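Text of structure-v2.cif (mmCIF, C-alpha atoms) as supplied:
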data_final
loop_
_atom_site.group_PDB
_atom_site.id
_atom_site.type_symbol
_atom_site.label_atom_id
_atom_site.label_comp_id
_atom_site.auth_asym_id
_atom_site.auth_seq_id
_atom_site.Cartn_x
_atom_site.Cartn_y
_atom_site.Cartn_z
ATOM 1 C CA SER A 1 -132.053 70.828 14.557
ATOM 2 C CA MET A 2 -134.499 73.405 13.252
ATOM 3 C CA GLN A 3 -135.553 74.085 16.842
ATOM 4 C CA ASN A 4 -131.895 74.782 17.717
ATOM 5 C CA LEU A 5 -131.747 77.338 14.915
ATOM 6 C CA TYR A 6 -134.865 79.031 16.248
ATOM 7 C CA ASN A 7 -133.478 78.902 19.806
ATOM 8 C CA ALA A 8 -130.235 80.470 18.588
ATOM 9 C CA THR A 9 -132.220 83.281 17.012
ATOM 10 C CA GLN A 10 -134.073 83.791 20.285
ATOM 11 C CA ALA A 11 -130.779 83.767 22.217
ATOM 12 C CA GLN A 12 -129.368 86.433 19.910
ATOM 13 C CA ALA A 13 -132.505 88.481 20.465
ATOM 14 C CA ALA A 14 -132.065 88.114 24.230
ATOM 15 C CA VAL A 15 -128.546 89.566 24.007
ATOM 16 C CA GLN A 16 -129.872 92.460 21.949
ATOM 17 C CA ALA A 17 -132.686 92.960 24.449
ATOM 18 C CA ALA A 18 -130.173 93.284 27.286
ATOM 19 C CA ALA A 19 -128.235 95.891 25.313
ATOM 20 C CA ALA A 20 -131.402 97.826 24.570
ATOM 21 C CA ALA A 21 -133.093 97.480 27.975
ATOM 22 C CA SER A 22 -132.857 101.209 28.583
ATOM 23 C CA LEU A 23 -134.282 102.121 25.182
ATOM 24 C CA PRO A 24 -137.200 104.562 25.609
ATOM 25 C CA PRO A 25 -140.450 103.714 23.816
ATOM 26 C CA ALA A 26 -140.305 105.018 20.254
ATOM 27 C CA ALA A 27 -143.100 107.240 19.026
ATOM 28 C CA SER A 28 -142.154 106.636 15.391
ATOM 29 C CA LEU A 29 -140.152 104.388 13.099
ATOM 30 C CA PRO A 30 -136.844 106.164 12.415
ATOM 31 C CA VAL A 31 -134.079 105.016 10.112
ATOM 32 C CA PRO A 32 -130.899 105.768 12.055
ATOM 33 C CA PRO A 33 -127.763 106.732 10.138
ATOM 34 C CA ALA A 34 -124.959 104.209 9.926
ATOM 35 C CA GLY A 35 -123.156 103.875 13.235
ATOM 36 C CA SER A 36 -125.873 105.496 15.286
ATOM 37 C CA SER A 37 -126.583 104.240 18.786
ATOM 38 C CA ASP A 38 -129.775 103.293 20.583
ATOM 39 C CA ALA A 39 -129.784 106.771 22.093
ATOM 40 C CA ASP A 40 -130.315 108.182 18.597
ATOM 41 C CA LEU A 41 -133.493 106.181 18.090
ATOM 42 C CA LYS A 42 -135.798 108.494 20.014
ATOM 43 C CA PRO A 43 -137.651 110.421 17.286
ATOM 44 C CA ALA A 44 -139.680 113.555 17.190
ATOM 45 C CA VAL A 45 -143.079 112.799 18.676
ATOM 46 C CA GLY A 46 -145.894 112.285 16.184
ATOM 47 C CA THR A 47 -143.818 111.427 13.101
ATOM 48 C CA LEU A 48 -143.949 108.204 11.171
ATOM 49 C CA VAL A 49 -140.814 108.311 9.064
ATOM 50 C CA HIS A 50 -141.569 105.131 7.133
ATOM 51 C CA SER A 51 -145.179 105.787 6.238
ATOM 52 C CA PRO A 52 -145.692 105.076 2.510
ATOM 53 C CA ARG A 53 -145.706 108.751 1.564
ATOM 54 C CA GLY A 54 -143.613 110.046 4.448
ATOM 55 C CA ALA A 55 -146.724 111.513 6.057
ATOM 56 C CA SER A 56 -147.141 112.136 9.734
ATOM 57 C CA ALA A 57 -149.063 109.703 11.893
ATOM 58 C CA ALA A 58 -151.835 112.263 12.271
ATOM 59 C CA ALA A 59 -152.071 112.854 8.522
ATOM 60 C CA ALA A 60 -152.086 109.117 7.823
ATOM 61 C CA ALA A 61 -154.815 108.333 10.332
ATOM 62 C CA PRO A 62 -155.847 104.658 10.128
ATOM 63 C CA LEU A 63 -159.328 103.502 9.262
ATOM 64 C CA PRO A 64 -161.465 102.268 12.160
ATOM 65 C CA PHE A 65 -161.477 98.479 12.548
ATOM 66 C CA SER A 66 -165.125 98.236 11.540
ATOM 67 C CA THR A 67 -164.555 99.887 8.124
ATOM 68 C CA LYS A 68 -161.836 97.443 7.072
ATOM 69 C CA SER A 69 -162.880 94.795 4.560
ATOM 70 C CA ARG A 70 -161.919 91.154 5.011
ATOM 71 C CA LYS A 71 -159.347 91.474 2.238
ATOM 72 C CA GLU A 72 -157.841 94.577 3.846
ATOM 73 C CA LYS A 73 -157.459 92.600 7.079
ATOM 74 C CA SER A 74 -155.799 89.570 5.446
ATOM 75 C CA LEU A 75 -152.265 88.815 6.603
ATOM 76 C CA GLY A 76 -150.967 89.132 3.056
ATOM 77 C CA VAL A 77 -152.269 92.682 2.630
ATOM 78 C CA LEU A 78 -151.250 93.670 6.158
ATOM 79 C CA CYS A 79 -147.754 92.290 5.621
ATOM 80 C CA ARG A 80 -147.331 94.239 2.377
ATOM 81 C CA ASN A 81 -148.416 97.404 4.195
ATOM 82 C CA PHE A 82 -146.059 96.573 7.062
ATOM 83 C CA MET A 83 -143.114 96.014 4.715
ATOM 84 C CA GLU A 84 -143.905 99.265 2.899
ATOM 85 C CA LEU A 85 -143.206 101.145 6.132
ATOM 86 C CA PHE A 86 -139.615 99.899 5.998
ATOM 87 C CA ARG A 87 -139.113 100.108 2.237
ATOM 88 C CA ASP A 88 -136.292 102.647 2.553
ATOM 89 C CA ALA A 89 -134.768 101.243 5.740
ATOM 90 C CA PRO A 90 -131.130 100.204 5.236
ATOM 91 C CA PRO A 91 -130.353 96.502 5.797
ATOM 92 C CA ASN A 92 -128.929 96.008 9.260
ATOM 93 C CA PRO A 93 -128.551 92.506 10.740
ATOM 94 C CA GLY A 94 -127.016 93.884 13.947
ATOM 95 C CA THR A 95 -128.342 96.060 16.758
ATOM 96 C CA GLN A 96 -128.638 99.360 14.894
ATOM 97 C CA GLY A 97 -131.741 98.707 12.773
ATOM 98 C CA PRO A 98 -134.948 100.747 13.092
ATOM 99 C CA VAL A 99 -137.136 100.066 16.090
ATOM 100 C CA ILE A 100 -140.572 98.527 15.514
ATOM 101 C CA GLU A 101 -143.243 99.392 18.069
ATOM 102 C CA ILE A 102 -146.110 96.902 17.778
ATOM 103 C CA CYS A 103 -148.765 99.182 19.285
ATOM 104 C CA GLN A 104 -147.865 102.048 16.979
ATOM 105 C CA ILE A 105 -147.850 99.820 13.894
ATOM 106 C CA ALA A 106 -151.250 98.363 14.825
ATOM 107 C CA ASP A 107 -152.724 101.862 15.241
ATOM 108 C CA HIS A 108 -151.253 103.040 11.955
ATOM 109 C CA LEU A 109 -152.505 100.024 9.991
ATOM 110 C CA GLY A 110 -155.882 100.120 11.725
ATOM 111 C CA VAL A 111 -155.792 96.509 12.941
ATOM 112 C CA LYS A 112 -155.680 94.726 16.253
ATOM 113 C CA ARG A 113 -152.285 94.178 17.810
ATOM 114 C CA ARG A 114 -152.497 90.387 17.563
ATOM 115 C CA ARG A 115 -152.655 90.649 13.758
ATOM 116 C CA VAL A 116 -149.371 92.547 13.729
ATOM 117 C CA TYR A 117 -147.907 89.915 16.037
ATOM 118 C CA ASP A 118 -148.933 87.184 13.580
ATOM 119 C CA ILE A 119 -146.869 88.936 10.917
ATOM 120 C CA VAL A 120 -143.933 89.754 13.173
ATOM 121 C CA ASN A 121 -143.713 86.188 14.527
ATOM 122 C CA ILE A 122 -143.335 84.873 10.984
ATOM 123 C CA LEU A 123 -140.791 87.551 10.050
ATOM 124 C CA GLU A 124 -138.847 86.829 13.244
ATOM 125 C CA SER A 125 -138.690 83.126 12.371
ATOM 126 C CA ILE A 126 -136.683 83.988 9.242
ATOM 127 C CA ASP A 127 -134.644 86.776 10.892
ATOM 128 C CA VAL A 128 -136.203 89.697 9.011
ATOM 129 C CA VAL A 129 -136.874 91.219 12.441
ATOM 130 C CA CYS A 130 -135.720 90.340 15.960
ATOM 131 C CA ARG A 131 -137.356 90.820 19.344
ATOM 132 C CA VAL A 132 -135.893 93.477 21.642
ATOM 133 C CA LYS A 133 -138.445 93.451 24.456
ATOM 134 C CA LYS A 134 -142.195 93.255 24.941
ATOM 135 C CA ASN A 135 -144.014 94.993 22.072
ATOM 136 C CA THR A 136 -140.688 96.111 20.598
ATOM 137 C CA TYR A 137 -138.743 94.595 17.715
ATOM 138 C CA ARG A 138 -135.832 95.644 15.536
ATOM 139 C CA TRP A 139 -135.654 95.605 11.753
ATOM 140 C CA HIS A 140 -132.956 93.442 10.104
ATOM 141 C CA GLY A 141 -134.208 93.373 6.521
ATOM 142 C CA LYS A 142 -134.335 90.721 3.791
ATOM 143 C CA GLU A 143 -130.761 90.966 2.520
ATOM 144 C CA ASN A 144 -129.476 88.145 4.730
ATOM 145 C CA LEU A 145 -132.232 85.689 3.730
ATOM 146 C CA PRO A 146 -130.055 83.603 1.339
ATOM 147 C CA HIS A 147 -127.566 82.918 4.138
ATOM 148 C CA PHE A 148 -130.339 82.140 6.614
ATOM 149 C CA PHE A 149 -132.017 79.807 4.111
ATOM 150 C CA ALA A 150 -128.701 78.094 3.371
ATOM 151 C CA GLU A 151 -128.289 77.211 7.028
ATOM 152 C CA LEU A 152 -131.931 76.135 7.269
ATOM 153 C CA GLN A 153 -131.315 73.875 4.275
ATOM 154 C CA ARG A 154 -128.253 72.288 5.922
ATOM 155 C CA LEU A 155 -130.155 71.549 9.127
ATOM 156 C CA GLY A 156 -133.028 70.024 7.175
ATOM 157 C CA GLN A 157 -130.689 67.850 5.134
ATOM 158 C CA ASP A 158 -129.013 66.599 8.316
ATOM 159 C CA GLU A 159 -132.389 65.719 9.848
ATOM 160 C CA ALA A 160 -133.601 63.985 6.686
ATOM 161 C CA GLN A 161 -130.430 61.946 6.292
ATOM 162 C CA ALA A 162 -130.649 60.901 9.941
ATOM 163 C CA GLY A 163 -134.299 59.921 9.533
ATOM 164 C CA ARG A 164 -135.473 62.425 12.131
ATOM 165 C CA TYR A 165 -138.865 64.032 11.754
ATOM 166 C CA SER A 166 -141.237 65.853 14.074
ATOM 167 C CA PRO A 167 -144.340 67.906 13.177
ATOM 168 C CA ALA A 168 -144.000 71.675 13.473
ATOM 169 C CA ARG A 169 -145.434 73.374 16.544
ATOM 170 C CA GLY A 170 -146.321 77.051 16.543
ATOM 171 C CA MET A 171 -146.186 79.716 13.855
ATOM 172 C CA ALA A 172 -142.389 80.108 13.790
ATOM 173 C CA GLN A 173 -141.601 76.403 13.418
ATOM 174 C CA THR A 174 -144.358 75.967 10.841
ATOM 175 C CA CYS A 175 -142.930 78.778 8.728
ATOM 176 C CA GLN A 176 -139.381 77.434 8.925
ATOM 177 C CA LYS A 177 -140.461 73.901 8.115
ATOM 178 C CA LEU A 178 -142.503 74.982 5.091
ATOM 179 C CA ILE A 179 -139.474 76.786 3.684
ATOM 180 C CA GLN A 180 -137.282 73.828 4.601
ATOM 181 C CA ILE A 181 -139.397 71.448 2.514
ATOM 182 C CA PHE A 182 -138.593 73.474 -0.597
ATOM 183 C CA LEU A 183 -134.922 73.730 0.315
ATOM 184 C CA VAL A 184 -134.380 70.054 1.131
ATOM 185 C CA SER A 185 -136.540 68.490 -1.577
ATOM 186 C CA GLN A 186 -135.515 71.208 -4.067
ATOM 187 C CA ARG A 187 -139.050 71.178 -5.436
ATOM 188 C CA THR A 188 -140.246 74.485 -6.844
ATOM 189 C CA GLU A 189 -143.948 73.704 -6.354
ATOM 190 C CA ILE A 190 -145.721 71.743 -3.622
ATOM 191 C CA VAL A 191 -149.396 70.782 -3.546
ATOM 192 C CA LEU A 192 -151.162 72.475 -0.646
ATOM 193 C CA ASN A 193 -152.382 69.316 1.107
ATOM 194 C CA ASP A 194 -148.975 67.675 0.738
ATOM 195 C CA ALA A 195 -147.300 70.721 2.271
ATOM 196 C CA ALA A 196 -149.777 70.768 5.172
ATOM 197 C CA GLU A 197 -149.073 67.128 6.029
ATOM 198 C CA GLU A 198 -145.325 67.334 5.550
ATOM 199 C CA VAL A 199 -145.090 70.389 7.790
ATOM 200 C CA LEU A 200 -147.742 69.686 10.429
ATOM 201 C CA GLY A 201 -147.771 65.889 10.273
ATOM 202 C CA PRO A 202 -149.957 63.453 8.328
ATOM 203 C CA VAL A 203 -153.662 63.362 9.100
ATOM 204 C CA GLU A 204 -154.432 60.109 10.889
ATOM 205 C CA GLU A 205 -158.230 60.136 10.614
ATOM 206 C CA SER A 206 -159.444 56.905 8.991
ATOM 207 C CA ASP A 207 -162.789 58.204 7.685
ATOM 208 C CA GLU A 208 -163.179 60.788 4.957
ATOM 209 C CA ALA A 209 -165.225 63.255 7.030
ATOM 210 C CA GLY A 210 -162.680 63.223 9.839
ATOM 211 C CA TYR A 211 -159.841 63.584 7.366
ATOM 212 C CA GLN A 212 -161.392 66.601 5.657
ATOM 213 C CA LYS A 213 -162.057 68.348 8.976
ATOM 214 C CA ALA A 214 -158.520 67.784 10.245
ATOM 215 C CA MET A 215 -157.024 68.819 6.911
ATOM 216 C CA LYS A 216 -159.046 72.047 6.872
ATOM 217 C CA THR A 217 -157.499 73.065 10.188
ATOM 218 C CA LYS A 218 -153.979 72.406 8.905
ATOM 219 C CA VAL A 219 -154.624 74.219 5.633
ATOM 220 C CA ARG A 220 -155.859 77.350 7.407
ATOM 221 C CA ARG A 221 -152.613 77.614 9.336
ATOM 222 C CA MET A 222 -150.593 77.094 6.174
ATOM 223 C CA TYR A 223 -152.523 79.844 4.393
ATOM 224 C CA ASP A 224 -151.761 82.420 7.069
ATOM 225 C CA ILE A 225 -148.047 81.722 6.762
ATOM 226 C CA ALA A 226 -148.104 81.489 2.965
ATOM 227 C CA ASN A 227 -149.878 84.864 2.762
ATOM 228 C CA VAL A 228 -146.981 86.502 4.608
ATOM 229 C CA LEU A 229 -144.310 84.617 2.656
ATOM 230 C CA GLN A 230 -146.017 85.619 -0.585
ATOM 231 C CA ALA A 231 -146.101 89.273 0.488
ATOM 232 C CA ILE A 232 -142.314 89.299 0.923
ATOM 233 C CA GLY A 233 -141.538 87.360 -2.250
ATOM 234 C CA ILE A 234 -140.617 83.870 -1.013
ATOM 235 C CA VAL A 235 -143.534 81.742 -2.242
ATOM 236 C CA SER A 236 -146.651 82.312 -4.310
ATOM 237 C CA LYS A 237 -150.040 80.627 -4.066
ATOM 238 C CA GLU A 238 -151.181 78.871 -7.236
ATOM 239 C CA ASN A 239 -154.628 77.688 -8.375
ATOM 240 C CA ILE A 240 -156.294 78.813 -5.157
ATOM 241 C CA GLY A 241 -160.017 78.122 -5.231
ATOM 242 C CA SER A 242 -159.729 75.697 -8.139
ATOM 243 C CA ASN A 243 -161.269 72.233 -7.947
ATOM 244 C CA SER A 244 -159.842 71.056 -11.247
ATOM 245 C CA THR A 245 -157.867 67.818 -11.085
ATOM 246 C CA ASP A 246 -155.288 69.495 -13.323
ATOM 247 C CA SER A 247 -155.002 72.633 -11.173
ATOM 248 C CA ARG A 248 -154.516 71.600 -7.581
ATOM 249 C CA PRO A 249 -153.940 74.405 -5.046
ATOM 250 C CA SER A 250 -150.228 74.650 -4.407
ATOM 251 C CA PHE A 251 -147.333 76.802 -3.212
ATOM 252 C CA ARG A 252 -144.579 77.804 -5.637
ATOM 253 C CA TRP A 253 -141.031 78.886 -4.705
ATOM 254 C CA VAL A 254 -140.395 82.353 -6.200
ATOM 255 C CA PHE A 255 -137.456 83.593 -4.118
ATOM 256 C CA GLU A 256 -134.562 84.966 -6.155
ATOM 257 C CA VAL A 257 -132.285 82.033 -5.260
ATOM 258 C CA PRO A 258 -133.558 78.570 -6.324
ATOM 259 C CA PRO A 259 -133.413 75.826 -3.665
ATOM 260 C CA GLY A 260 -130.829 73.908 -5.695
ATOM 261 C CA GLU A 261 -128.407 76.839 -5.545
ATOM 262 C CA MET A 262 -128.870 77.835 -1.907
ATOM 263 C CA HIS A 263 -125.766 75.903 -0.763
ATOM 264 C CA ARG A 264 -123.629 78.596 -2.428
ATOM 265 C CA PHE A 265 -124.474 80.932 0.448
ATOM 266 C CA ARG A 266 -123.071 78.570 3.074
ATOM 267 C CA PRO A 267 -119.326 78.704 3.863
ATOM 268 C CA GLY A 268 -117.799 75.657 2.226
ATOM 269 C CA GLY A 269 -121.264 74.484 1.249
ATOM 270 C CA THR A 270 -121.452 71.608 -1.196
ATOM 271 C CA TYR A 271 -124.404 70.515 -3.264
ATOM 272 C CA VAL A 272 -126.620 67.795 -1.752
ATOM 273 C CA PRO A 273 -129.115 65.970 -4.021
ATOM 274 C CA PRO A 274 -132.830 66.434 -3.291
ATOM 275 C CA ILE A 275 -134.318 64.531 -0.355
ATOM 276 C CA VAL A 276 -138.077 64.006 -0.435
ATOM 277 C CA THR A 277 -140.178 62.566 2.405
ATOM 278 C CA GLN A 278 -143.330 60.740 1.367
ATOM 279 C CA PHE A 279 -146.328 60.156 3.632
ATOM 280 C CA GLU A 280 -148.775 57.293 3.316
ATOM 281 C CA ARG A 281 -152.332 58.595 3.148
ATOM 282 C CA PRO A 282 -155.677 56.853 3.660
ATOM 283 C CA ALA A 283 -156.923 55.205 0.478
ATOM 284 C CA HIS A 284 -160.100 57.320 0.389
ATOM 285 C CA VAL A 285 -158.164 60.575 0.062
ATOM 286 C CA LEU A 286 -158.583 62.018 -3.417
ATOM 287 C CA ALA A 287 -155.504 63.132 -5.312
ATOM 288 C CA THR A 288 -157.132 66.430 -6.157
ATOM 289 C CA GLY A 289 -156.506 67.924 -2.727
ATOM 290 C CA GLY A 290 -158.635 70.721 -1.348
ATOM 291 C CA GLY A 291 -159.584 74.215 -2.339
ATOM 292 C CA GLY A 292 -159.059 77.339 -0.331
ATOM 293 C CA GLY A 293 -158.659 81.056 -0.368
ATOM 294 C CA GLU A 294 -156.948 83.922 1.293
#

How does the structure come out when it is put into structure tokens?
Amino acid sequence: SMQNLYNATQAQAAVQAAAAASLPPAASLPVPPAGSSDADLKPAVGTLVHSPRGASAAAAAPLPFSTKSRKEKSLGVLCRNFMELFRDAPPNPGTQGPVIEICQIADHLGVKRRRVYDIVNILESIDVVCRVKKNTYRWHGKENLPHFFAELQRLGQDEAQAGRYSPARGMAQTCQKLIQIFLVSQRTEIVLNDAAEEVLGPVEESDEAGYQKAMKTKVRRMYDIANVLQAIGIVSKENIGSNSTDSRPSFRWVFEVPPGEMHRFRPGGTYVPPIVTQFERPAHVLATGGGGGE
């Protein structure tokens, strides 16, 4: 199941954590040369190798929390800034990737640590990073995403064909399940409210006011995840803030590999026709969906 995939990722991270238990706290974000060991990861104090312009941590002093605008604090913007730090990092799905220190990243970006964790939890759910120990992660990169998505697609197809379904719980599962909807249904665009119900479960409120309140909560969670996925080029948000019946807020698949071709990245993978799950909604629910914003 999808949970088994996530558990396997966590198990792999646990093995890596045991291997790196003696790793000293990093004061920067180095890119180790190929074949380097954990012992090589201790950098010169005060440097931030992956800062956008290669500047030192002191030279690239972050803005105080209070001076950051709401847009600057959004997960989408923070994720783009986070990814920029590792723009030149070589792809490394093993145990030799650059070390990510959460506290240092939070200080550099000028945000609270929990905001960095929101980003890292989503990236970990798709194996872009892996957990080493508390406050410490390791960079894997995006190069293995097609293979990860291919396996996620297979698991989703197995669950759909067996008639199994359970609402997502937590940020990691929600992210995986949103991606899985695209991969299994092979749709390239999904209306926001439909995605929220398919991922987090249908809203069961019978009155319109209760429905709208429950839906708003689901949509907020979806936006946080979509902002990160948009920042790394997996989905885009369309028609956000529009109330037009012809322009419903939606998510569009923009990753380089279309869902219908993802099976090619699975050993012996064969094409499976689209599988779409439909939910019955209360009759009062309008087809226009809801608006939103970042």

Proximity to A:Phe149 - best of A:Gln96, A:Gln176, A:Gln186, A:Asn239, only C-alpha atoms: A:Gln176

Nearest residue to A:Trp139 from the set A:Cys175, A:Ala195, A:Met83, A:Met262 (distances using all atoms listed in the file):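 Selected residue with least distance to A:Trp139: A:Met83.
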
Within 10 Å of (-144.6, 88.9, -1.7) in the file's own coordinates, which protein, DNA or RNA residues have an atom, counting only C-alpha atoms? List them as a CSV table (one decimal) with C-alpha atoms, keeping the file's coordinate frame.
chain,number,residue,atom,x,y,z
A,76,GLY,CA,-151.0,89.1,3.1
A,77,VAL,CA,-152.3,92.7,2.6
A,79,CYS,CA,-147.8,92.3,5.6
A,80,ARG,CA,-147.3,94.2,2.4
A,83,MET,CA,-143.1,96.0,4.7
A,226,ALA,CA,-148.1,81.5,3.0
A,227,ASN,CA,-149.9,84.9,2.8
A,228,VAL,CA,-147.0,86.5,4.6
A,229,LEU,CA,-144.3,84.6,2.7
A,230,GLN,CA,-146.0,85.6,-0.6
A,231,ALA,CA,-146.1,89.3,0.5
A,232,ILE,CA,-142.3,89.3,0.9
A,233,GLY,CA,-141.5,87.4,-2.2
A,234,ILE,CA,-140.6,83.9,-1.0
A,235,VAL,CA,-143.5,81.7,-2.2
A,236,SER,CA,-146.7,82.3,-4.3
A,254,VAL,CA,-140.4,82.4,-6.2
A,255,PHE,CA,-137.5,83.6,-4.1

Near-A:Thr136 list (8 Å; only C-alpha atoms; drop same-chain fewer than 6 positions) as a ChimeraX atom specification: /A:99-102

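You will find atom CA of A:Val128 at 5.6 Å from atom CA of A:Lys142.
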
Need the axis-aligned box for stretch 268-275 of chain A with 4 Å each side, so what are the centre and edges in Å to one decimal, as AutoDock Vina command-line options?
--center_x -126.1 --center_y 70.1 --center_z -0.9 --size_x 24.5 --size_y 19.1 --size_z 14.2

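The closest residue to A:Thr95, picked from A:Thr270, A:His140, A:Lys237, A:Arg252 and counting only C-alpha atoms, is A:His140.
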
Atom CA of A:Arg138 to atom CA of A:Ile181, straight-line distance in Å: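 Straight-line distance from atom CA of A:Ile181 to atom CA of A:Arg138 works out to 27.7 Å.
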
A:Tyr165, A:Gly170, A:Val120, A:Ser185 ranked by distance to A:Pro202, top pick (using all atoms listed in the file): A:Tyr165

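Note that the spacing between atom CA of A:Tyr223 and atom CA of A:Val191 amounts to 12.4 Å.
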
Residue among A:Leu178, A:Val276, A:Ile126, A:Ala106 lying closest to A:Glu151, counting all atoms listed in the file: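 That would be A:Ile126, the residue with the smallest distance to A:Glu151.
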
Nearest candidate to A:Pro146 (options A:Gly268, A:Pro259, A:Pro274, A:Gly201; using all atoms listed in the file): A:Pro259

Neighbour list for A:Glu238 as a ChimeraX atom specification, cut-off 9 Å, all atoms listed in the file, skip fewer than 3 positions in-chain: /A:189,247-252

Once you have the residues from the selection above, write them out as a CSV table (one decimal), in the frame of the given file, restricted to C-alpha atoms.
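Contents of the output file selection_33.csv:
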chain,number,residue,atom,x,y,z
A,189,GLU,CA,-143.9,73.7,-6.4
A,247,SER,CA,-155.0,72.6,-11.2
A,248,ARG,CA,-154.5,71.6,-7.6
A,249,PRO,CA,-153.9,74.4,-5.0
A,250,SER,CA,-150.2,74.6,-4.4
A,251,PHE,CA,-147.3,76.8,-3.2
A,252,ARG,CA,-144.6,77.8,-5.6

Contact residues around A:Tyr117 with all atoms listed in the file at 12 Å, ignoring same-chain residues under 3 positions, as a VMD selection string: chain A and resid 75 78 to 79 82 100 to 103 105 to 106 111 to 114 120 to 124 129 131 134 to 137 171 to 172 228

Go ahead and write the residues just picked, C-alpha atoms, as a PDB file, in the frame of the given file.
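To be explicit, this is the file written out as out_38.pdb:
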ATOM      1  CA  LEU A  75    -152.265  88.815   6.603  1.00  0.00           C
ATOM      2  CA  LEU A  78    -151.250  93.670   6.158  1.00  0.00           C
ATOM      3  CA  CYS A  79    -147.754  92.290   5.621  1.00  0.00           C
ATOM      4  CA  PHE A  82    -146.059  96.573   7.062  1.00  0.00           C
ATOM      5  CA  ILE A 100    -140.572  98.527  15.514  1.00  0.00           C
ATOM      6  CA  GLU A 101    -143.243  99.392  18.069  1.00  0.00           C
ATOM      7  CA  ILE A 102    -146.110  96.902  17.778  1.00  0.00           C
ATOM      8  CA  CYS A 103    -148.765  99.182  19.285  1.00  0.00           C
ATOM      9  CA  ILE A 105    -147.850  99.820  13.894  1.00  0.00           C
ATOM     10  CA  ALA A 106    -151.250  98.363  14.825  1.00  0.00           C
ATOM     11  CA  VAL A 111    -155.792  96.509  12.941  1.00  0.00           C
ATOM     12  CA  LYS A 112    -155.680  94.726  16.253  1.00  0.00           C
ATOM     13  CA  ARG A 113    -152.285  94.178  17.810  1.00  0.00           C
ATOM     14  CA  ARG A 114    -152.497  90.387  17.563  1.00  0.00           C
ATOM     15  CA  VAL A 120    -143.933  89.754  13.173  1.00  0.00           C
ATOM     16  CA  ASN A 121    -143.713  86.188  14.527  1.00  0.00           C
ATOM     17  CA  ILE A 122    -143.335  84.873  10.984  1.00  0.00           C
ATOM     18  CA  LEU A 123    -140.791  87.551  10.050  1.00  0.00           C
ATOM     19  CA  GLU A 124    -138.847  86.829  13.244  1.00  0.00           C
ATOM     20  CA  VAL A 129    -136.874  91.219  12.441  1.00  0.00           C
ATOM     21  CA  ARG A 131    -137.356  90.820  19.344  1.00  0.00           C
ATOM     22  CA  LYS A 134    -142.195  93.255  24.941  1.00  0.00           C
ATOM     23  CA  ASN A 135    -144.014  94.993  22.072  1.00  0.00           C
ATOM     24  CA  THR A 136    -140.688  96.111  20.598  1.00  0.00           C
ATOM     25  CA  TYR A 137    -138.743  94.595  17.715  1.00  0.00           C
ATOM     26  CA  MET A 171    -146.186  79.716  13.855  1.00  0.00           C
ATOM     27  CA  ALA A 172    -142.389  80.108  13.790  1.00  0.00           C
ATOM     28  CA  VAL A 228    -146.981  86.502   4.608  1.00  0.00           C
TER      29      VAL A 228
END
